[in-house]
$ cat model04.pdb   # PDB, C-alpha atoms
ATOM      1  CA  MET S   1     -31.030   6.071   6.116  1.00  0.00           C
ATOM      2  CA  VAL S   2     -31.195   2.516   4.839  1.00  0.00           C
ATOM      3  CA  SER S   3     -33.816   0.320   6.418  1.00  0.00           C
ATOM      4  CA  GLY S   4     -34.471  -3.374   5.978  1.00  0.00           C
ATOM      5  CA  THR S   5     -32.738  -6.638   6.690  1.00  0.00           C
ATOM      6  CA  LEU S   6     -29.226  -5.552   5.686  1.00  0.00           C
ATOM      7  CA  ASP S   7     -28.944  -2.057   7.222  1.00  0.00           C
ATOM      8  CA  ARG S   8     -25.912  -2.752   9.332  1.00  0.00           C
ATOM      9  CA  TYR S   9     -23.910  -4.286   6.444  1.00  0.00           C
ATOM     10  CA  LEU S  10     -24.458  -1.193   4.305  1.00  0.00           C
ATOM     11  CA  ARG S  11     -22.869   1.242   6.760  1.00  0.00           C
ATOM     12  CA  LYS S  12     -19.266   2.384   6.346  1.00  0.00           C
ATOM     13  CA  GLU S  13     -18.179   1.456   9.885  1.00  0.00           C
ATOM     14  CA  VAL S  14     -19.259  -2.152   9.236  1.00  0.00           C
ATOM     15  CA  ALA S  15     -18.277  -2.396   5.558  1.00  0.00           C
ATOM     16  CA  LEU S  16     -14.662  -1.183   5.851  1.00  0.00           C
ATOM     17  CA  PRO S  17     -13.502  -3.730   8.471  1.00  0.00           C
ATOM     18  CA  ILE S  18     -15.061  -6.522   6.418  1.00  0.00           C
ATOM     19  CA  VAL S  19     -13.369  -5.323   3.211  1.00  0.00           C
ATOM     20  CA  TYR S  20     -10.005  -4.977   5.016  1.00  0.00           C
ATOM     21  CA  GLU S  21     -10.389  -8.487   6.412  1.00  0.00           C
ATOM     22  CA  LYS S  22     -11.039  -9.794   2.891  1.00  0.00           C
ATOM     23  CA  MET S  23      -8.120  -7.736   1.518  1.00  0.00           C
ATOM     24  CA  GLU S  24      -5.437  -8.892   3.964  1.00  0.00           C
ATOM     25  CA  PRO S  25      -4.856 -12.410   2.529  1.00  0.00           C
ATOM     26  CA  ALA S  26      -4.379 -10.846  -0.937  1.00  0.00           C
ATOM     27  CA  LEU S  27      -1.510  -8.601   0.225  1.00  0.00           C
ATOM     28  CA  LEU S  28       1.581 -10.342  -1.134  1.00  0.00           C
ATOM     29  CA  TRP S  29       4.102  -7.847   0.272  1.00  0.00           C
ATOM     30  CA  GLN S  30       2.920  -7.738   3.878  1.00  0.00           C
ATOM     31  CA  ASN S  31       5.662 -10.148   5.013  1.00  0.00           C
ATOM     32  CA  TYR S  32       8.391  -8.117   3.288  1.00  0.00           C
ATOM     33  CA  VAL S  33       7.373  -4.521   3.937  1.00  0.00           C
ATOM     34  CA  ARG S  34       7.412  -3.100   7.437  1.00  0.00           C
ATOM     35  CA  MET S  35       4.097  -1.440   8.167  1.00  0.00           C
ATOM     36  CA  VAL S  36       4.400   1.932   9.859  1.00  0.00           C
ATOM     37  CA  PRO S  37       1.284   3.173  11.632  1.00  0.00           C
ATOM     38  CA  GLU S  38       0.531   6.787  10.779  1.00  0.00           C
ATOM     39  CA  GLU S  39      -1.656   9.192  12.669  1.00  0.00           C
ATOM     40  CA  SER S  40      -2.009  11.711   9.877  1.00  0.00           C
ATOM     41  CA  GLU S  41      -2.285  11.669   6.104  1.00  0.00           C
ATOM     42  CA  ALA S  42       1.195  13.199   5.678  1.00  0.00           C
ATOM     43  CA  PHE S  43       4.362  11.106   5.839  1.00  0.00           C
ATOM     44  CA  LEU S  44       8.089  11.502   5.175  1.00  0.00           C
ATOM     45  CA  TYR S  45      10.130   9.103   3.080  1.00  0.00           C
ATOM     46  CA  ARG S  46      13.664   8.816   1.743  1.00  0.00           C
ATOM     47  CA  TYR S  47      14.587   8.199  -1.873  1.00  0.00           C
ATOM     48  CA  ASN S  48      17.689   7.993  -4.059  1.00  0.00           C
ATOM     49  CA  ASP S  49      17.991  10.075  -7.209  1.00  0.00           C
ATOM     50  CA  THR S  50      20.730   7.811  -8.552  1.00  0.00           C
ATOM     51  CA  SER S  51      21.616   4.146  -8.580  1.00  0.00           C
ATOM     52  CA  MET S  52      24.828   2.867  -6.997  1.00  0.00           C
ATOM     53  CA  SER S  53      26.359   2.509 -10.443  1.00  0.00           C
ATOM     54  CA  GLY S  54      25.314   5.985 -11.586  1.00  0.00           C
ATOM     55  CA  ASP S  55      26.279   7.795  -8.363  1.00  0.00           C
ATOM     56  CA  ALA S  56      28.152  11.052  -9.062  1.00  0.00           C
ATOM     57  CA  GLU S  57      30.356  10.366  -6.003  1.00  0.00           C
ATOM     58  CA  LYS S  58      31.471   6.980  -7.392  1.00  0.00           C
ATOM     59  CA  GLN S  59      35.224   6.339  -7.274  1.00  0.00           C
ATOM     60  CA  TYR S  60      37.353   3.611  -8.781  1.00  0.00           C
ATOM     61  CA  PRO S  61      39.812   1.834  -6.501  1.00  0.00           C
ATOM     62  CA  PRO S  62      43.374   3.121  -7.147  1.00  0.00           C
ATOM     63  CA  MET S  63      46.471   0.955  -7.169  1.00  0.00           C
ATOM     64  CA  HIS S  64      47.918   0.515  -3.692  1.00  0.00           C
ATOM     65  CA  LYS S  65      51.270   2.157  -3.061  1.00  0.00           C
ATOM     66  CA  SER S  66      53.342   1.283  -0.056  1.00  0.00           C
ATOM     67  CA  GLY S  67      52.790   3.797   2.746  1.00  0.00           C
ATOM     68  CA  ALA S  68      49.835   5.441   0.981  1.00  0.00           C
ATOM     69  CA  LEU S  69      46.270   5.456   2.266  1.00  0.00           C
ATOM     70  CA  PHE S  70      43.300   4.419   0.223  1.00  0.00           C
ATOM     71  CA  PRO S  71      40.837   7.222  -0.528  1.00  0.00           C
ATOM     72  CA  GLU S  72      37.810   7.473   1.719  1.00  0.00           C
ATOM     73  CA  LEU S  73      34.571   6.478   0.060  1.00  0.00           C
ATOM     74  CA  ASP S  74      31.664   8.842  -0.086  1.00  0.00           C
ATOM     75  CA  TYR S  75      28.312   8.414  -1.766  1.00  0.00           C
ATOM     76  CA  THR S  76      25.259  10.501  -2.515  1.00  0.00           C
ATOM     77  CA  ARG S  77      22.967  10.525   0.497  1.00  0.00           C
ATOM     78  CA  PRO S  78      19.266   9.781   0.058  1.00  0.00           C
ATOM     79  CA  SER S  79      16.971  12.770  -0.213  1.00  0.00           C
ATOM     80  CA  THR S  80      13.934  13.236   2.008  1.00  0.00           C
ATOM     81  CA  GLY S  81      10.503  13.860   0.571  1.00  0.00           C
ATOM     82  CA  ALA S  82       7.012  14.353   1.918  1.00  0.00           C
ATOM     83  CA  ALA S  83       3.725  13.131   0.538  1.00  0.00           C
ATOM     84  CA  MET S  84       0.105  12.728   1.470  1.00  0.00           C
ATOM     85  CA  THR S  85      -1.747   9.429   1.478  1.00  0.00           C
ATOM     86  CA  GLU S  86      -4.618   9.320  -0.937  1.00  0.00           C
ATOM     87  CA  GLU S  87      -7.936   7.697  -0.217  1.00  0.00           C
ATOM     88  CA  ARG S  88      -9.052   5.114  -2.726  1.00  0.00           C
ATOM     89  CA  GLY S  89     -11.991   2.777  -2.804  1.00  0.00           C
ATOM     90  CA  PHE S  90     -15.005   1.460  -4.634  1.00  0.00           C
ATOM     91  CA  SER S  91     -18.676   2.128  -4.803  1.00  0.00           C
ATOM     92  CA  MET S  92     -20.797  -0.912  -5.632  1.00  0.00           C
ATOM     93  CA  ARG S  93     -24.406  -0.887  -6.728  1.00  0.00           C
ATOM     94  CA  ILE S  94     -26.513  -3.695  -5.339  1.00  0.00           C
ATOM     95  CA  PRO S  95     -30.100  -3.894  -6.638  1.00  0.00           C
ATOM     96  CA  ARG S  96     -32.750  -2.793  -4.151  1.00  0.00           C
ATOM     97  CA  LYS S  97     -34.657  -6.089  -4.356  1.00  0.00           C
ATOM     98  CA  VAL S  98     -31.453  -7.952  -3.420  1.00  0.00           C
ATOM     99  CA  ILE S  99     -30.872  -5.679  -0.423  1.00  0.00           C
ATOM    100  CA  ARG S 100     -34.433  -6.239   0.749  1.00  0.00           C
ATOM    101  CA  SER S 101     -34.316 -10.035   0.380  1.00  0.00           C
ATOM    102  CA  SER S 102     -33.282 -12.345   3.196  1.00  0.00           C
ATOM    103  CA  SER S 103     -30.603 -13.943   1.003  1.00  0.00           C
ATOM    104  CA  GLY S 104     -29.151 -10.549   0.015  1.00  0.00           C
ATOM    105  CA  ILE S 105     -26.375 -10.896   2.582  1.00  0.00           C
ATOM    106  CA  ASN S 106     -24.590 -13.299   0.198  1.00  0.00           C
ATOM    107  CA  GLU S 107     -24.578 -10.663  -2.541  1.00  0.00           C
ATOM    108  CA  VAL S 108     -23.308  -7.987  -0.162  1.00  0.00           C
ATOM    109  CA  MET S 109     -20.528 -10.247   1.179  1.00  0.00           C
ATOM    110  CA  LYS S 110     -19.519 -11.139  -2.404  1.00  0.00           C
ATOM    111  CA  ALA S 111     -19.265  -7.412  -3.182  1.00  0.00           C
ATOM    112  CA  TYR S 112     -17.032  -6.945  -0.116  1.00  0.00           C
ATOM    113  CA  GLU S 113     -14.901  -9.921  -1.139  1.00  0.00           C
ATOM    114  CA  VAL S 114     -14.402  -8.526  -4.654  1.00  0.00           C
ATOM    115  CA  ALA S 115     -13.586  -5.046  -3.304  1.00  0.00           C
ATOM    116  CA  GLY S 116     -11.102  -6.503  -0.808  1.00  0.00           C
ATOM    117  CA  PHE S 117      -9.356  -8.570  -3.471  1.00  0.00           C
ATOM    118  CA  TRP S 118      -9.168  -5.668  -5.908  1.00  0.00           C
ATOM    119  CA  LEU S 119      -7.798  -3.305  -3.240  1.00  0.00           C
ATOM    120  CA  GLY S 120      -5.184  -5.895  -2.258  1.00  0.00           C
ATOM    121  CA  GLU S 121      -4.202  -6.375  -5.895  1.00  0.00           C
ATOM    122  CA  PHE S 122      -3.930  -2.605  -6.365  1.00  0.00           C
ATOM    123  CA  ILE S 123      -1.705  -2.242  -3.280  1.00  0.00           C
ATOM    124  CA  ASN S 124       0.515  -5.130  -4.454  1.00  0.00           C
ATOM    125  CA  THR S 125       0.958  -3.450  -7.840  1.00  0.00           C
ATOM    126  CA  GLU S 126       1.733  -0.069  -6.254  1.00  0.00           C
ATOM    127  CA  ILE S 127       4.376  -1.580  -3.942  1.00  0.00           C
ATOM    128  CA  GLY S 128       5.894  -3.639  -6.772  1.00  0.00           C
ATOM    129  CA  THR S 129       6.087  -0.555  -9.001  1.00  0.00           C
ATOM    130  CA  ALA S 130       7.711   1.486  -6.230  1.00  0.00           C
ATOM    131  CA  LEU S 131      10.313  -1.240  -5.627  1.00  0.00           C
ATOM    132  CA  ALA S 132      11.226  -1.529  -9.313  1.00  0.00           C
TER     133      ALA S 132
END
$ encode --input "model04.pdb" --output "structure tokens"
Amino acid sequence: MVSGTLDRYLRKEVALPIVYEKMEPALLWQNYVRMVPEESEAFLYRYNDTSMSGDAEKQYPPMHKSGALFPELDYTRPSTGAAMTEERGFSMRIPRKVIRSSSGINEVMKAYEVAGFWLGEFINTEIGTALA
């Protein structure tokens, strides 16, 4: 158990909300990606194995003949996959004398700010890579 002037800031239940608060402004995609609350670590998603151009079901439009019908279009349906969310995070070492000092809160908050920014940057990169 940590004791001293900064105990409460060094506990997970206090640290995580602060880091998430610092991370939120760094999330570039939050206005473009619909957030879906999940109650478990498992989730389902849909994906395409092919592009529209490379679709095996692709047809070319035939010449129209009087009285003839155009062919019905079909396309390859997205597949469904399942995955598990992975926990990620940081561990930061703050010197003991800083933790015990009255001005140590600034160092702790800076560590949370850096962690929040880096997590936001990581999430932005992951979303950008998935969209590409």
$ atom_distance --input "model04.pdb" --atom1 "atom CA of Tyr112 of chain S" --atom2 "atom CA of Leu6 of chain S"
13.6 Å
$ residues_near_point --input "model04.pdb" --point "(-22.9, -0.7, 4.7)" --cutoff "12 Å" --atoms "all atoms listed in the file" --output "number ranges by chain"
S: 1-19, 91-94, 99, 105, 108-109, 111-112
$ resolve_selection --input "model04.pdb" --expression "the PyMOL selection byres ((chain S and resi 77) around 10)" --output "PyMOL selection string"
chain S and resi 46-50+55+57+74-76+78-80
$ resolve_selection --input "model04.pdb" --expression "the PyMOL selection byres ((chain S and resi 59) around 9)" --output "PyMOL selection string"
chain S and resi 56-58+60-62+71+73-74
$ resolve_selection --input "model04.pdb" --expression "the PyMOL selection byres ((chain S and resi 30-34) around 12)" --output "mmCIF file with C-alpha atoms, in the coordinates of the input"
data_model
loop_
_atom_site.group_PDB
_atom_site.id
_atom_site.type_symbol
_atom_site.label_atom_id
_atom_site.label_comp_id
_atom_site.auth_asym_id
_atom_site.auth_seq_id
_atom_site.Cartn_x
_atom_site.Cartn_y
_atom_site.Cartn_z
ATOM 1 C CA MET S 23 -8.120 -7.736 1.518
ATOM 2 C CA GLU S 24 -5.437 -8.892 3.964
ATOM 3 C CA PRO S 25 -4.856 -12.410 2.529
ATOM 4 C CA ALA S 26 -4.379 -10.846 -0.937
ATOM 5 C CA LEU S 27 -1.510 -8.601 0.225
ATOM 6 C CA LEU S 28 1.581 -10.342 -1.134
ATOM 7 C CA TRP S 29 4.102 -7.847 0.272
ATOM 8 C CA MET S 35 4.097 -1.440 8.167
ATOM 9 C CA VAL S 36 4.400 1.932 9.859
ATOM 10 C CA PRO S 37 1.284 3.173 11.632
ATOM 11 C CA GLY S 120 -5.184 -5.895 -2.258
ATOM 12 C CA ILE S 123 -1.705 -2.242 -3.280
ATOM 13 C CA ASN S 124 0.515 -5.130 -4.454
ATOM 14 C CA ILE S 127 4.376 -1.580 -3.942
ATOM 15 C CA GLY S 128 5.894 -3.639 -6.772
ATOM 16 C CA ALA S 130 7.711 1.486 -6.230
ATOM 17 C CA LEU S 131 10.313 -1.240 -5.627
#
$ atom_distance --input "model04.pdb" --atom1 "atom CA of Gly89 of chain S" --atom2 "atom CA of Thr129 of chain S"
19.4 Å
$ atom_distance --input "model04.pdb" --atom1 "atom CA of Glu38 of chain S" --atom2 "atom CA of Glu87 of chain S"
13.9 Å
$ closest_residue --input "model04.pdb" --among "S:Ser102, S:Leu44, S:Lys22, S:Pro95" --to "Leu119 of chain S" --atoms "all atoms listed in the file"
S:Lys22
$ closest_residue --input "model04.pdb" --among "S:Val114, S:Ala82, S:Ala132, S:Ala68" --to "Glu21 of chain S" --atoms "only C-alpha atoms"
S:Val114
$ residues_near_point --input "model04.pdb" --point "(2.2, 13.1, 5.4)" --cutoff "10 Å" --atoms "all atoms listed in the file" --output "ChimeraX atom specification"
/S:38-45,81-85
$ axis_aligned_box --input "model04.pdb" --around "segment 14-22 of chain S" --padding-each-side "5 Å" --output "JSON"
{"center_x": -14.6, "center_y": -5.5, "center_z": 6.1, "size_x": 19.3, "size_y": 18.6, "size_z": 16.3}
$ build_atoms --input "model04.pdb" --residues "segment 95-107 of chain S" --atoms "N, CA, C and O atoms" --output "mmCIF file, keeping the file's coordinate frame"
data_model
loop_
_atom_site.group_PDB
_atom_site.id
_atom_site.type_symbol
_atom_site.label_atom_id
_atom_site.label_comp_id
_atom_site.auth_asym_id
_atom_site.auth_seq_id
_atom_site.Cartn_x
_atom_site.Cartn_y
_atom_site.Cartn_z
ATOM 1 N N PRO S 95 -28.682 -4.172 -6.377
ATOM 2 C CA PRO S 95 -30.100 -3.894 -6.638
ATOM 3 C C PRO S 95 -30.942 -3.868 -5.356
ATOM 4 O O PRO S 95 -30.703 -4.636 -4.425
ATOM 5 N N ARG S 96 -31.897 -2.981 -5.324
ATOM 6 C CA ARG S 96 -32.750 -2.793 -4.151
ATOM 7 C C ARG S 96 -33.452 -4.085 -3.737
ATOM 8 O O ARG S 96 -33.535 -4.396 -2.563
ATOM 9 N N LYS S 97 -33.942 -4.868 -4.718
ATOM 10 C CA LYS S 97 -34.657 -6.089 -4.356
ATOM 11 C C LYS S 97 -33.717 -7.103 -3.700
ATOM 12 O O LYS S 97 -34.139 -7.887 -2.873
ATOM 13 N N VAL S 98 -32.421 -7.062 -4.058
ATOM 14 C CA VAL S 98 -31.453 -7.952 -3.420
ATOM 15 C C VAL S 98 -31.220 -7.512 -1.979
ATOM 16 O O VAL S 98 -31.183 -8.329 -1.054
ATOM 17 N N ILE S 99 -31.084 -6.208 -1.776
ATOM 18 C CA ILE S 99 -30.872 -5.679 -0.423
ATOM 19 C C ILE S 99 -32.049 -6.026 0.483
ATOM 20 O O ILE S 99 -31.868 -6.358 1.652
ATOM 21 N N ARG S 100 -33.250 -5.986 -0.052
ATOM 22 C CA ARG S 100 -34.433 -6.239 0.749
ATOM 23 C C ARG S 100 -34.720 -7.727 0.969
ATOM 24 O O ARG S 100 -35.532 -8.077 1.806
ATOM 25 N N SER S 101 -34.046 -8.600 0.226
ATOM 26 C CA SER S 101 -34.316 -10.035 0.380
ATOM 27 C C SER S 101 -33.510 -10.610 1.537
ATOM 28 O O SER S 101 -32.482 -10.072 1.938
ATOM 29 N N SER S 102 -33.969 -11.717 2.066
ATOM 30 C CA SER S 102 -33.282 -12.345 3.196
ATOM 31 C C SER S 102 -31.973 -13.001 2.757
ATOM 32 O O SER S 102 -31.075 -13.191 3.560
ATOM 33 N N SER S 103 -31.847 -13.339 1.476
ATOM 34 C CA SER S 103 -30.603 -13.943 1.003
ATOM 35 C C SER S 103 -29.641 -12.906 0.416
ATOM 36 O O SER S 103 -28.607 -13.252 -0.127
ATOM 37 N N GLY S 104 -29.986 -11.628 0.547
ATOM 38 C CA GLY S 104 -29.151 -10.549 0.015
ATOM 39 C C GLY S 104 -27.796 -10.431 0.677
ATOM 40 O O GLY S 104 -26.868 -9.865 0.104
ATOM 41 N N ILE S 105 -27.657 -10.974 1.883
ATOM 42 C CA ILE S 105 -26.375 -10.896 2.582
ATOM 43 C C ILE S 105 -25.269 -11.561 1.769
ATOM 44 O O ILE S 105 -24.132 -11.104 1.770
ATOM 45 N N ASN S 106 -25.591 -12.633 1.032
ATOM 46 C CA ASN S 106 -24.590 -13.299 0.198
ATOM 47 C C ASN S 106 -24.065 -12.378 -0.895
ATOM 48 O O ASN S 106 -22.879 -12.357 -1.182
ATOM 49 N N GLU S 107 -24.965 -11.612 -1.497
ATOM 50 C CA GLU S 107 -24.578 -10.663 -2.541
ATOM 51 C C GLU S 107 -23.714 -9.542 -1.961
ATOM 52 O O GLU S 107 -22.718 -9.145 -2.561
#
